[in-house]
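Scroll down for the structure; my scribbles are underneath it.
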Amino acid sequence: MIEVDGLTKRYGRTVAVDDLTFRVEPGRVTGFLGPNGAGKSTTMRMVLGLDRPSAGRVLVDGRPYAELTDPLRRVGALLEARAVHGGRRADHHLLWLAQTNRIPKSRVGEVLELVGLAGVARKRVRTFSLGMHQRLGIAAALLGDPGVLLFDEPVNGLDPEGIVWLRTLLKGFAAQGRTVLVSSHLMSEMALTAEHLVVIGRGRLLADTTVADFIAGNSRSYVRITTPDPARLSAVFAAEGIQVTDIEGGALAAHGVDPARAGELVAAHGLVVHEMALRQASLEEAFVRMTASAVEFREGE
Ligand code: ADP
């Protein structure tokens, strides 16, 4: 498990990570969510001991990363996809990593198979697409068969098929009891992959919750109504204190009312309605709303 405790990182006057405290538990995928520049990469670099905290600490399996014996067998990480020298072959790159970390050679073939690169194992990395780079980075992370996995925006560069593949892979690792932390700036992706969410904005913790609770607490619902007389319907609803706004397709959205109450009002006033249904505001909207104040504050600096 990963324990982040009062973690802070300053670069000059920029506070990249601001007093973050959270835990990443084994057995589930934890989504690390925040807009670009929120501090996700900086936090992950500190987990891996690549950046020194200005304050606070982070422990992996109860110890700072630097004190782990055989770190590659404990923690696998995908940070920058293009960190591999272009002239190197995919299999040689992994072999070198294995040999310098006392990992058996046989793992190289296994992880290449696992990420779907077995067929291009002998190709030079410079010929790889961004998606293939991502797969090679994931192979390297898996080499030591670690119990803790960190992935920074792993979906970048993957095609839709690759995204589904990665989602299945990550869930599988969690199901095996591993600790899996995956960052993304896309709520929609995390909703499909993660069970738990840690949301940050401007370096600060905004939410530490299950995906289900995030959805229940943040997705505002409304009743979508189409009618040939929107002006009259709006007036009737407004008189009852119900806010009505125009939405796409010439439809109306009635806020803070359930479909039953909306239907009763429609009947009581003899309004004609063509369609009426309960809709959920998207998770992406909820995430943007949650992080908006943090983002605005940054832009105002
Ligand atoms: P994210 O991964 O969420 O997009 P980052 O951790 O990359 O966010 O960045 C957080 C903030 O810290 C940004 O404002 C970024 O410009 C700043 N930052 C990150 N790394 C450095 C660095 N090495 N030097 C100076 N500022 C940095």
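Labeling convention for the structure tokens: chains A, B, ... as they appear, residues from 1 per chain, ligands from 1 in order of appearance.
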Among stretch 37-132 of chain A, which ones does DSSP place in alpha helix (DSSP H), written as a PyMOL selection string?
chain A and resi 40-47+71-74+90-99+106-114+130-132
Give me the residues near A:His274 as a ChimeraX atom specification, where near means some atom within 9 Å (using only C-alpha atoms) and where sequence neighbours in that chain fewer than 5 positions away do not count.
/A:225-228
Restricting it to C-alpha atoms, dump the selection as a PDB file, in the first residue's frame.
```pdb
ATOM      1  CA  ILE A 225     -38.698  17.890 -21.421  1.00  0.00           C
ATOM      2  CA  THR A 226     -39.662  18.581 -25.027  1.00  0.00           C
ATOM      3  CA  THR A 227     -42.864  20.492 -25.640  1.00  0.00           C
ATOM      4  CA  PRO A 228     -44.372  22.494 -28.536  1.00  0.00           C
TER       5      PRO A 228
END
```
Identify, on the basis of only C-alpha atoms, every residue whose closest approach to A:His92 does not exceed 12 Å; exclude the query and any residue fewer than 5 positions from it along the same chain; express the result as a short mmCIF file (atom, residue, chain, number, x, y, z; two decimals) with C-alpha atoms, in the first residue's frame.
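Wrote it out as out-v9.cif, contents follow:
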```
data_model
loop_
_atom_site.label_atom_id
_atom_site.label_comp_id
_atom_site.auth_asym_id
_atom_site.auth_seq_id
_atom_site.Cartn_x
_atom_site.Cartn_y
_atom_site.Cartn_z
CA VAL A 84 13.66 4.54 -23.81
CA HIS A 85 16.64 5.12 -26.14
CA GLY A 86 15.32 4.96 -29.72
CA GLY A 87 18.15 2.83 -31.08
CA LEU A 97 16.36 -3.77 -16.99
CA ALA A 98 15.93 -7.38 -15.87
CA GLN A 99 19.66 -8.07 -15.60
CA LYS A 105 15.45 -13.40 -18.20
CA VAL A 108 11.12 -10.51 -20.66
CA GLY A 109 9.21 -12.83 -22.99
CA LEU A 112 6.19 -8.75 -23.96
CA VAL A 120 7.82 -6.62 -32.48
CA ALA A 121 10.22 -7.57 -29.68
CA ARG A 122 13.29 -7.29 -31.96
CA LYS A 123 12.30 -3.97 -33.52
CA ARG A 124 14.09 -0.77 -32.64
CA VAL A 125 12.08 1.39 -30.31
CA LEU A 136 6.64 -1.13 -23.68
CA ALA A 140 8.89 -2.55 -18.01
#
```
Could you tell me, counting only C-alpha atoms and all ligand atoms, which protein and nucleic acid residues lie no more than 10 Å from ligand 1, written as a PyMOL selection string?
chain A and resi 9-17+32-46+51+79+152-153+183-185+200-203+298
Dump of N, CA and C atoms for the selected residues, as an mmCIF file, in the first residue's frame:
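Okay, part34.cif is ready:
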```cif
data_model
loop_
_atom_site.group_PDB
_atom_site.id
_atom_site.type_symbol
_atom_site.label_atom_id
_atom_site.label_comp_id
_atom_site.auth_asym_id
_atom_site.auth_seq_id
_atom_site.Cartn_x
_atom_site.Cartn_y
_atom_site.Cartn_z
ATOM 1 N N LYS A 9 5.229 19.818 -2.222
ATOM 2 C CA LYS A 9 6.384 20.088 -3.081
ATOM 3 C C LYS A 9 6.299 21.495 -3.643
ATOM 4 N N ARG A 10 7.319 22.279 -3.396
ATOM 5 C CA ARG A 10 7.390 23.636 -3.951
ATOM 6 C C ARG A 10 8.511 23.691 -4.967
ATOM 7 N N TYR A 11 8.226 24.332 -6.095
ATOM 8 C CA TYR A 11 9.278 24.676 -7.055
ATOM 9 C C TYR A 11 9.345 26.190 -7.056
ATOM 10 N N GLY A 12 10.312 26.757 -6.382
ATOM 11 C CA GLY A 12 10.347 28.215 -6.258
ATOM 12 C C GLY A 12 9.071 28.688 -5.598
ATOM 13 N N ARG A 13 8.314 29.537 -6.288
ATOM 14 C CA ARG A 13 7.077 30.043 -5.693
ATOM 15 C C ARG A 13 5.868 29.175 -6.032
ATOM 16 N N THR A 14 6.044 28.213 -6.947
ATOM 17 C CA THR A 14 4.933 27.335 -7.320
ATOM 18 C C THR A 14 4.774 26.226 -6.282
ATOM 19 N N VAL A 15 3.563 26.100 -5.752
ATOM 20 C CA VAL A 15 3.279 24.971 -4.871
ATOM 21 C C VAL A 15 2.628 23.896 -5.739
ATOM 22 N N ALA A 16 3.413 22.913 -6.145
ATOM 23 C CA ALA A 16 2.920 21.880 -7.070
ATOM 24 C C ALA A 16 2.046 20.879 -6.325
ATOM 25 N N VAL A 17 2.436 20.552 -5.096
ATOM 26 C CA VAL A 17 1.689 19.604 -4.255
ATOM 27 C C VAL A 17 1.579 20.241 -2.881
ATOM 28 N N PHE A 32 -6.283 8.536 -9.845
ATOM 29 C CA PHE A 32 -5.683 9.772 -9.331
ATOM 30 C C PHE A 32 -6.028 10.839 -10.356
ATOM 31 N N LEU A 33 -7.001 11.661 -9.981
ATOM 32 C CA LEU A 33 -7.665 12.498 -10.969
ATOM 33 C C LEU A 33 -7.428 13.972 -10.685
ATOM 34 N N GLY A 34 -7.159 14.728 -11.733
ATOM 35 C CA GLY A 34 -7.016 16.179 -11.580
ATOM 36 C C GLY A 34 -6.726 16.788 -12.923
ATOM 37 N N PRO A 35 -7.063 18.083 -13.097
ATOM 38 C CA PRO A 35 -6.767 18.733 -14.382
ATOM 39 C C PRO A 35 -5.259 18.789 -14.629
ATOM 40 N N ASN A 36 -4.867 19.086 -15.842
ATOM 41 C CA ASN A 36 -3.440 19.220 -16.134
ATOM 42 C C ASN A 36 -2.824 20.259 -15.207
ATOM 43 N N GLY A 37 -1.658 19.940 -14.675
ATOM 44 C CA GLY A 37 -0.977 20.869 -13.782
ATOM 45 C C GLY A 37 -1.421 20.768 -12.336
ATOM 46 N N ALA A 38 -2.290 19.791 -12.020
ATOM 47 C CA ALA A 38 -2.818 19.670 -10.655
ATOM 48 C C ALA A 38 -1.766 19.148 -9.661
ATOM 49 N N GLY A 39 -0.744 18.466 -10.172
ATOM 50 C CA GLY A 39 0.293 17.935 -9.283
ATOM 51 C C GLY A 39 0.365 16.419 -9.246
ATOM 52 N N LYS A 40 -0.291 15.751 -10.178
ATOM 53 C CA LYS A 40 -0.331 14.283 -10.178
ATOM 54 C C LYS A 40 1.060 13.686 -10.447
ATOM 55 N N SER A 41 1.720 14.175 -11.507
ATOM 56 C CA SER A 41 3.041 13.625 -11.850
ATOM 57 C C SER A 41 4.043 13.897 -10.738
ATOM 58 N N THR A 42 3.976 15.093 -10.183
ATOM 59 C CA THR A 42 4.905 15.445 -9.107
ATOM 60 C C THR A 42 4.709 14.503 -7.919
ATOM 61 N N THR A 43 3.460 14.213 -7.589
ATOM 62 C CA THR A 43 3.174 13.288 -6.484
ATOM 63 C C THR A 43 3.747 11.910 -6.800
ATOM 64 N N MET A 44 3.530 11.440 -8.030
ATOM 65 C CA MET A 44 4.015 10.111 -8.391
ATOM 66 C C MET A 44 5.543 10.050 -8.370
ATOM 67 N N ARG A 45 6.170 11.130 -8.811
ATOM 68 C CA ARG A 45 7.648 11.153 -8.764
ATOM 69 C C ARG A 45 8.132 11.070 -7.315
ATOM 70 N N MET A 46 7.405 11.693 -6.411
ATOM 71 C CA MET A 46 7.810 11.636 -4.992
ATOM 72 C C MET A 46 7.588 10.243 -4.409
ATOM 73 N N ASP A 51 11.773 12.727 -6.760
ATOM 74 C CA ASP A 51 11.689 14.124 -6.364
ATOM 75 C C ASP A 51 11.611 14.127 -4.850
ATOM 76 N N LEU A 79 5.936 6.227 -16.130
ATOM 77 C CA LEU A 79 5.864 7.687 -16.069
ATOM 78 C C LEU A 79 5.903 8.240 -17.481
ATOM 79 N N ASP A 152 1.114 6.800 -14.830
ATOM 80 C CA ASP A 152 0.807 8.213 -15.028
ATOM 81 C C ASP A 152 0.227 8.400 -16.427
ATOM 82 N N GLU A 153 -1.046 8.725 -16.504
ATOM 83 C CA GLU A 153 -1.762 8.930 -17.777
ATOM 84 C C GLU A 153 -1.465 7.812 -18.783
ATOM 85 N N SER A 183 -3.181 7.653 -12.868
ATOM 86 C CA SER A 183 -3.591 9.054 -12.977
ATOM 87 C C SER A 183 -4.256 9.321 -14.309
ATOM 88 N N SER A 184 -5.123 10.335 -14.303
ATOM 89 C CA SER A 184 -5.782 10.758 -15.532
ATOM 90 C C SER A 184 -6.359 12.148 -15.324
ATOM 91 N N HIS A 185 -6.511 12.886 -16.431
ATOM 92 C CA HIS A 185 -7.239 14.159 -16.339
ATOM 93 C C HIS A 185 -8.658 13.970 -16.871
ATOM 94 N N ILE A 200 -7.480 15.673 -7.062
ATOM 95 C CA ILE A 200 -6.719 16.842 -6.609
ATOM 96 C C ILE A 200 -6.897 17.990 -7.597
ATOM 97 N N GLY A 201 -6.740 19.194 -7.082
ATOM 98 C CA GLY A 201 -6.770 20.403 -7.899
ATOM 99 C C GLY A 201 -5.780 21.366 -7.283
ATOM 100 N N ARG A 202 -4.902 21.896 -8.129
ATOM 101 C CA ARG A 202 -3.907 22.848 -7.659
ATOM 102 C C ARG A 202 -3.111 22.295 -6.460
ATOM 103 N N GLY A 203 -2.786 21.019 -6.551
ATOM 104 C CA GLY A 203 -1.946 20.394 -5.532
ATOM 105 C C GLY A 203 -2.685 19.962 -4.283
ATOM 106 N N ARG A 298 -5.791 29.396 -9.924
ATOM 107 C CA ARG A 298 -4.474 29.339 -10.564
ATOM 108 C C ARG A 298 -4.362 30.397 -11.672
#
```
Nearest candidate to A:Arg28 (options A:Glu195, A:Glu284, A:Glu275, A:Glu264; using only C-alpha atoms)
A:Glu195
Set the distance at 10 Å and use only C-alpha atoms: which residues neighbour stretch 255-260 of chain A once local chain neighbours fewer than 6 positions away are removed? I'd like the list as a list in words.
Arg220, Ser221, Tyr222, Val223, Arg224, Ile225, Phe237, Gly241, Ile242, Gln243, Val244, Thr245, Val266, Met276, Ala277, Leu278 and Arg279 of chain A
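Note that atom CA of A:Thr168 and atom CA of A:Gly119 are 21.0 Å apart.
Atom CA of A:Gly162 sits 9.7 Å away from atom CA of A:Met132.
Note that the spacing between atom CA of A:Leu150 and atom CA of A:Ile215 amounts to 24.1 Å.
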So which residues touch A:Pro146 within 10 Å, counting only C-alpha atoms, skipping near sequence neighbours fewer than 2 positions away, as number ranges by chain?
A: 70-77, 141-144, 148-149, 173, 178-179
Could you give me, as a VMD selection string, the residues within 10 Å of A:Arg167, counting only C-alpha atoms and dropping anything in the same chain fewer than 2 positions from it?
chain A and resid 29 154 to 155 162 to 165 169 to 172 189 to 190 192 to 194
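Here the question is which of A:Ser282, A:Thr21, A:Thr30, A:Asn218 gets nearest to A:Ser188 using only C-alpha atoms, and that residue is A:Ser282.
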